[in-house]
Structures are given as structure tokens and as C-alpha cells.
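Heads up, the thing below is written out as C-alpha cells.
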Amino acid sequence: MILSLILIFAGIINPVFAETSGSSLQSTSVAIPDGEGGIGFDDMTFSAALHKVLIPAGHTGKLYLIDPATYAMTSIGGFSSSAAYQKGHDTGITSADEGEGFIFVLDHGRHELAAVDVGRGAIVATAPLAGDSDYVRYIGLNHEIWVTEPHNKQLEVFKFSSKNSTLSPVMIISVPDGPESLMIDHLRGKAYTNLGHEAAAIDLESHAIVGRWPDGCGKSRGDALDEQKGFLFVSCAEGKAIVFDLKQKHKEISNLATDPGADVISYNSKLSHLYLTSSKNATLSVLGVSAKGELSLLGQAYADIKSHCVVSDDQDNIWVCDPPRGQLLRYKDSL
């Protein structure tokens, strides 16, 4: 496919590349309160149960919930905060995940895991962390919360009691050379993470690493998943996306070069579209995924030079972080 480079100024933010059919990705800027000086965004997620995009807003000390249908934004406070943005994403809250009416949030400032009661909009439990954290994910299979602590090369596992509003540490899972990213496959009872040059599968019940395989990356970064089709997507920092077939012993199906600086990725299973950003070339790439798992570039849009995180929702919106400006860029996937 030959991309036609059509510069479009939306009057709000950035020019856009378009794909050959003539439709285009146009960005709209979404301001985050108190974010004018910058926000250290990192992990953004979409909760199908809450029908909300979850945006941990770094140093602001607030978790923002956005309705993708109406774009209405609400916030939950009470987390650690600082007066100004510090480069990177090690300040305030930068990762959150929902489970059974609660949102579990990582707070760098207090080095703790917090549980938020969505109905009350308030923190109801906290627990100290054993190391510097990166990702948090809720495991519905066994009602556990897993936290990645890459500096300590481990995952920390917690149990949460909604009855007593308590978070309790359960165990540490050693993850040599990792963990980078964390993707939960409830269908197969596995979690997937990256180990620099390898991908790894961890059994959700036994907590044991049950598979390791070369991922074809110079340095692997983000993960995404199509549970039904059994496709695991891995992004490489040098600018590449790779697809593995989980039904065929992690066999590589295809790969495609993208712009350098790829990190967090996201996947829209309805459209079979994979989203990657480039923090070096300031682009958002939209890749098509065929029924066989083959990748193709559908189009690109301008983002920000520091944009390294992206998440999609069930309304075909693509949300990209813009850390220096403390805002989000929203695109409607029309490709």
C-alpha cells in the first residue's frame, strides 16, 4: 500500500498522514486539568466493565476516567502529587487496572498499591510495594493483583478483600531479565511479559514461568493480545511489530517495520487494528491484522515527539499521550 502524505491541520493540534482510500486520522487535543506544564503519562487502559478509559495523570495526583461515547471526564483524587511535571513517568500515578468494581493504582510517590472503590470514588485500601513499580493488572481468575517491578526483576502478587477493604501481599515471582509490560490472557490462563530479547508466559494459577521464546527484538517493549484468535503482539524499541501464534507454540507469524521509539501498544479486536507510537519520529501507526495474523500498514498520523503510550476503546477511538503538553490526543479510527 502506498501512503499518500496529505498534511491536514485540524486547527487544534497536528497535521495528519492519510491512507490511500482518502479517509484520514485527525487528532483532537484533550486537556487534562493542571497538566499545562506536562504530565508523565505511561500506562493507559480501557475498562470494558466500567466503559471508561483510565488515565493515571502522573504528578497531578488524580486518576481520570473518560467515557468514550460522550467524552465526559471525571476524576478520583487522593494520590501523591507534586507541584510540577518532572520528565519521565516516575512521579505520582502511572498505571491502573479495573476489577470487580475497584480500580487498582500504582503510586510512585508513596511506593504503594492503592485500591479505589469506583462507586465511592475513594481510596479504600493501600499496601506498600517491595520495589519500584511499572504495571498493575487485575487477574479475575484468582482475584489477584499483579505488579511488575522491573528494577528488582520480579512480579509482586497481592490479594484484595472487598469485604474488609484490605490488600495483602501473597508472593514474589522472580522474572530474570524482566518484566517489561504485562498482558493477561484469561482464556488460556497465562500472563505474557517481555525479557529484553525474549517473551515469556507465566501461568496464572501456579505463578510459574511456563514458556520463553526469542521475540525477534533488539529490545522488546509493549504487548497486546487477541485472545480469540490467539495472537500475541510485541513491539520493539527499534521500530517493529511482531505477531506470535499462541495456538502454535508461539510461532512467529509476521513482522513489520515501523518508526523507531515504539513502546506501549494497543489493539482493537473489532477492527483488527494494532496501534503503535514512535517517541522519536512523533507518529502514530495503524496496522491492519489479517485473519492469518499478517501485518500491513494502513496509515500514520502525527503525534508528539514524546508520545510513547496509546490505548483504544470500544468506540474506535485511539488515545495517545502527549507528556510535554500534559494532554491526550484523540483520533477516530476511520481506516
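Naming scheme: A, B, ... for chains in displayed order of the C-alpha cells; residues 1 onward per chain; ligands 1 onward as shown.
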With a distance cut-off of 9 Å and only C-alpha atoms, select the neighbouring residues of A:His250, excluding the residue or stretch itself and same-chain residues fewer than 6 positions from it, and output the selection as a ChimeraX atom specification. /A:213,231-232,243-244
Can you list every residue in stretch 20-245 of chain A that DSSP puts in strand (DSSP E or B), as a PyMOL selection string? chain A and resi 24+27-31+45-47+52-56+58+63-66+73-76+93-99+102-107+112-117+122-128+136-139+144-149+154-161+166-174+180-185+190-194+198-203+209-214+220-226+231-236+240-245
Would you kindly return, as JSON, numbers by chain, each protein, DNA or RNA residue with an atom no farther than 12 Å from any atom of A:Lys247, considering only C-alpha atoms and excluding same-chain residues fewer than 2 positions away? {"A": [187, 188, 226, 227, 228, 229, 230, 231, 232, 244, 245, 249, 250, 251, 252, 253, 292, 293]}
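Compared by their closest atoms to A:Ala83, and using only C-alpha atoms, the residues A:Leu284, A:Gly37, A:Ser47, A:Pro260 rank with A:Gly37 nearest.
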For atom CA of A:Leu297 and atom CA of A:Ser266, quote the distance in Å rounded to one decimal. 14.9 Å
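Those residues that approach A:Ala127 to within 6 Å, counting only C-alpha atoms, are Glu112, Leu113 and Leu167 of chain A; same-chain residues fewer than 3 positions away are not listed.
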Keeping only C-alpha atoms, write the selected residues to a file as a PDB file, in the first residue's frame.
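selection-v1.pdb was written with the following content:
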ATOM      1  CA  GLU A 112       2.317   1.735  47.245  1.00  0.00           C
ATOM      2  CA  LEU A 113      -0.557  -0.058  45.585  1.00  0.00           C
ATOM      3  CA  LEU A 167      -4.680  -5.501  50.226  1.00  0.00           C
TER       4      LEU A 167
END
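Shell of A:Val147 at 8 Å, with only C-alpha atoms counted and residues fewer than 4 places along the chain excluded, is Ser133, Asp134, Tyr135, Val136, Arg137, Leu155, Glu156 and Val157 of chain A.
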What does the file look like for those residues with C-alpha atoms, as a PDB file, in the first residue's frame?
ATOM      1  CA  SER A 133       6.684  -0.438  40.088  1.00  0.00           C
ATOM      2  CA  ASP A 134       5.723  -0.181  36.428  1.00  0.00           C
ATOM      3  CA  TYR A 135       2.483  -2.036  35.502  1.00  0.00           C
ATOM      4  CA  VAL A 136      -0.500  -3.241  37.539  1.00  0.00           C
ATOM      5  CA  ARG A 137      -3.017  -5.818  36.283  1.00  0.00           C
ATOM      6  CA  LEU A 155       6.363  -9.522  39.898  1.00  0.00           C
ATOM      7  CA  GLU A 156       4.639  -8.879  43.219  1.00  0.00           C
ATOM      8  CA  VAL A 157       1.280 -10.580  43.799  1.00  0.00           C
TER       9      VAL A 157
END
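Using only C-alpha atoms for every distance, the candidate list A:Ile55, A:Leu50, A:Asp263, A:Gly77 yields A:Leu50 as the residue closest to A:Gly101.
When the distance limit is 10 Å and only C-alpha atoms are what count, the residues near A:Arg110, minus those fewer than 6 positions from it on the same chain, are Phe79, Ser80, Ser81, Thr91, Gly92, Ile93, Thr126, Ala127, Pro128 and Leu129 of chain A.
Straight-line separation from atom CA of A:Ser161 to atom CA of A:Met73: 28.3 Å.
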Which polymer residues have any atom within 12 Å of an atom of A:Thr166, counting only C-alpha atoms, with same-chain residues fewer than 3 positions away left out, as a PDB file with N, CA and C atoms, in the first residue's frame?
ATOM      1  N   LEU A 113       0.576   0.339  46.405  1.00  0.00           N
ATOM      2  CA  LEU A 113      -0.557  -0.058  45.585  1.00  0.00           C
ATOM      3  C   LEU A 113      -1.819   0.406  46.298  1.00  0.00           C
ATOM      4  N   ALA A 114      -2.720   1.057  45.578  1.00  0.00           N
ATOM      5  CA  ALA A 114      -3.958   1.553  46.161  1.00  0.00           C
ATOM      6  C   ALA A 114      -5.158   0.909  45.479  1.00  0.00           C
ATOM      7  N   ALA A 115      -6.211   0.645  46.259  1.00  0.00           N
ATOM      8  CA  ALA A 115      -7.474   0.132  45.733  1.00  0.00           C
ATOM      9  C   ALA A 115      -8.522   1.224  45.859  1.00  0.00           C
ATOM     10  N   VAL A 116      -9.197   1.518  44.747  1.00  0.00           N
ATOM     11  CA  VAL A 116     -10.213   2.565  44.702  1.00  0.00           C
ATOM     12  C   VAL A 116     -11.585   1.933  44.520  1.00  0.00           C
ATOM     13  N   ASP A 117     -12.526   2.284  45.386  1.00  0.00           N
ATOM     14  CA  ASP A 117     -13.923   1.877  45.226  1.00  0.00           C
ATOM     15  C   ASP A 117     -14.551   2.832  44.216  1.00  0.00           C
ATOM     16  N   ILE A 123     -10.179   6.085  47.682  1.00  0.00           N
ATOM     17  CA  ILE A 123      -9.219   5.032  48.034  1.00  0.00           C
ATOM     18  C   ILE A 123      -9.709   4.328  49.292  1.00  0.00           C
ATOM     19  N   VAL A 124      -9.778   2.988  49.250  1.00  0.00           N
ATOM     20  CA  VAL A 124     -10.272   2.228  50.403  1.00  0.00           C
ATOM     21  C   VAL A 124      -9.209   1.321  51.007  1.00  0.00           C
ATOM     22  N   ALA A 125      -8.092   1.129  50.311  1.00  0.00           N
ATOM     23  CA  ALA A 125      -7.019   0.286  50.853  1.00  0.00           C
ATOM     24  C   ALA A 125      -5.712   0.622  50.161  1.00  0.00           C
ATOM     25  N   THR A 126      -4.615   0.451  50.889  1.00  0.00           N
ATOM     26  CA  THR A 126      -3.278   0.627  50.322  1.00  0.00           C
ATOM     27  C   THR A 126      -2.355  -0.451  50.868  1.00  0.00           C
ATOM     28  N   ALA A 127      -1.272  -0.707  50.143  1.00  0.00           N
ATOM     29  CA  ALA A 127      -0.262  -1.659  50.599  1.00  0.00           C
ATOM     30  C   ALA A 127       1.085  -1.218  50.064  1.00  0.00           C
ATOM     31  N   PRO A 128       2.149  -1.294  50.867  1.00  0.00           N
ATOM     32  CA  PRO A 128       3.480  -0.914  50.395  1.00  0.00           C
ATOM     33  C   PRO A 128       3.983  -1.908  49.350  1.00  0.00           C
ATOM     34  N   PHE A 158      -0.648  -9.623  44.913  1.00  0.00           N
ATOM     35  CA  PHE A 158      -1.467  -9.216  46.056  1.00  0.00           C
ATOM     36  C   PHE A 158      -2.859  -9.855  45.955  1.00  0.00           C
ATOM     37  N   LYS A 159      -3.499 -10.015  47.113  1.00  0.00           N
ATOM     38  CA  LYS A 159      -4.904 -10.382  47.204  1.00  0.00           C
ATOM     39  C   LYS A 159      -5.664  -9.187  47.753  1.00  0.00           C
ATOM     40  N   PHE A 160      -6.897  -9.003  47.274  1.00  0.00           N
ATOM     41  CA  PHE A 160      -7.726  -7.906  47.767  1.00  0.00           C
ATOM     42  C   PHE A 160      -9.032  -8.451  48.325  1.00  0.00           C
ATOM     43  N   SER A 161      -9.387  -8.002  49.504  1.00  0.00           N
ATOM     44  CA  SER A 161     -10.657  -8.368  50.117  1.00  0.00           C
ATOM     45  C   SER A 161     -11.581  -7.160  50.084  1.00  0.00           C
ATOM     46  N   SER A 162     -12.629  -7.239  49.265  1.00  0.00           N
ATOM     47  CA  SER A 162     -13.587  -6.135  49.213  1.00  0.00           C
ATOM     48  C   SER A 162     -14.406  -6.064  50.498  1.00  0.00           C
ATOM     49  N   LYS A 163     -14.557  -7.200  51.171  1.00  0.00           N
ATOM     50  CA  LYS A 163     -15.325  -7.244  52.419  1.00  0.00           C
ATOM     51  C   LYS A 163     -14.629  -6.455  53.517  1.00  0.00           C
ATOM     52  N   PRO A 169      -0.051  -8.752  50.508  1.00  0.00           N
ATOM     53  CA  PRO A 169       0.946  -9.373  49.630  1.00  0.00           C
ATOM     54  C   PRO A 169       0.889 -10.889  49.741  1.00  0.00           C
TER      55      PRO A 169
END
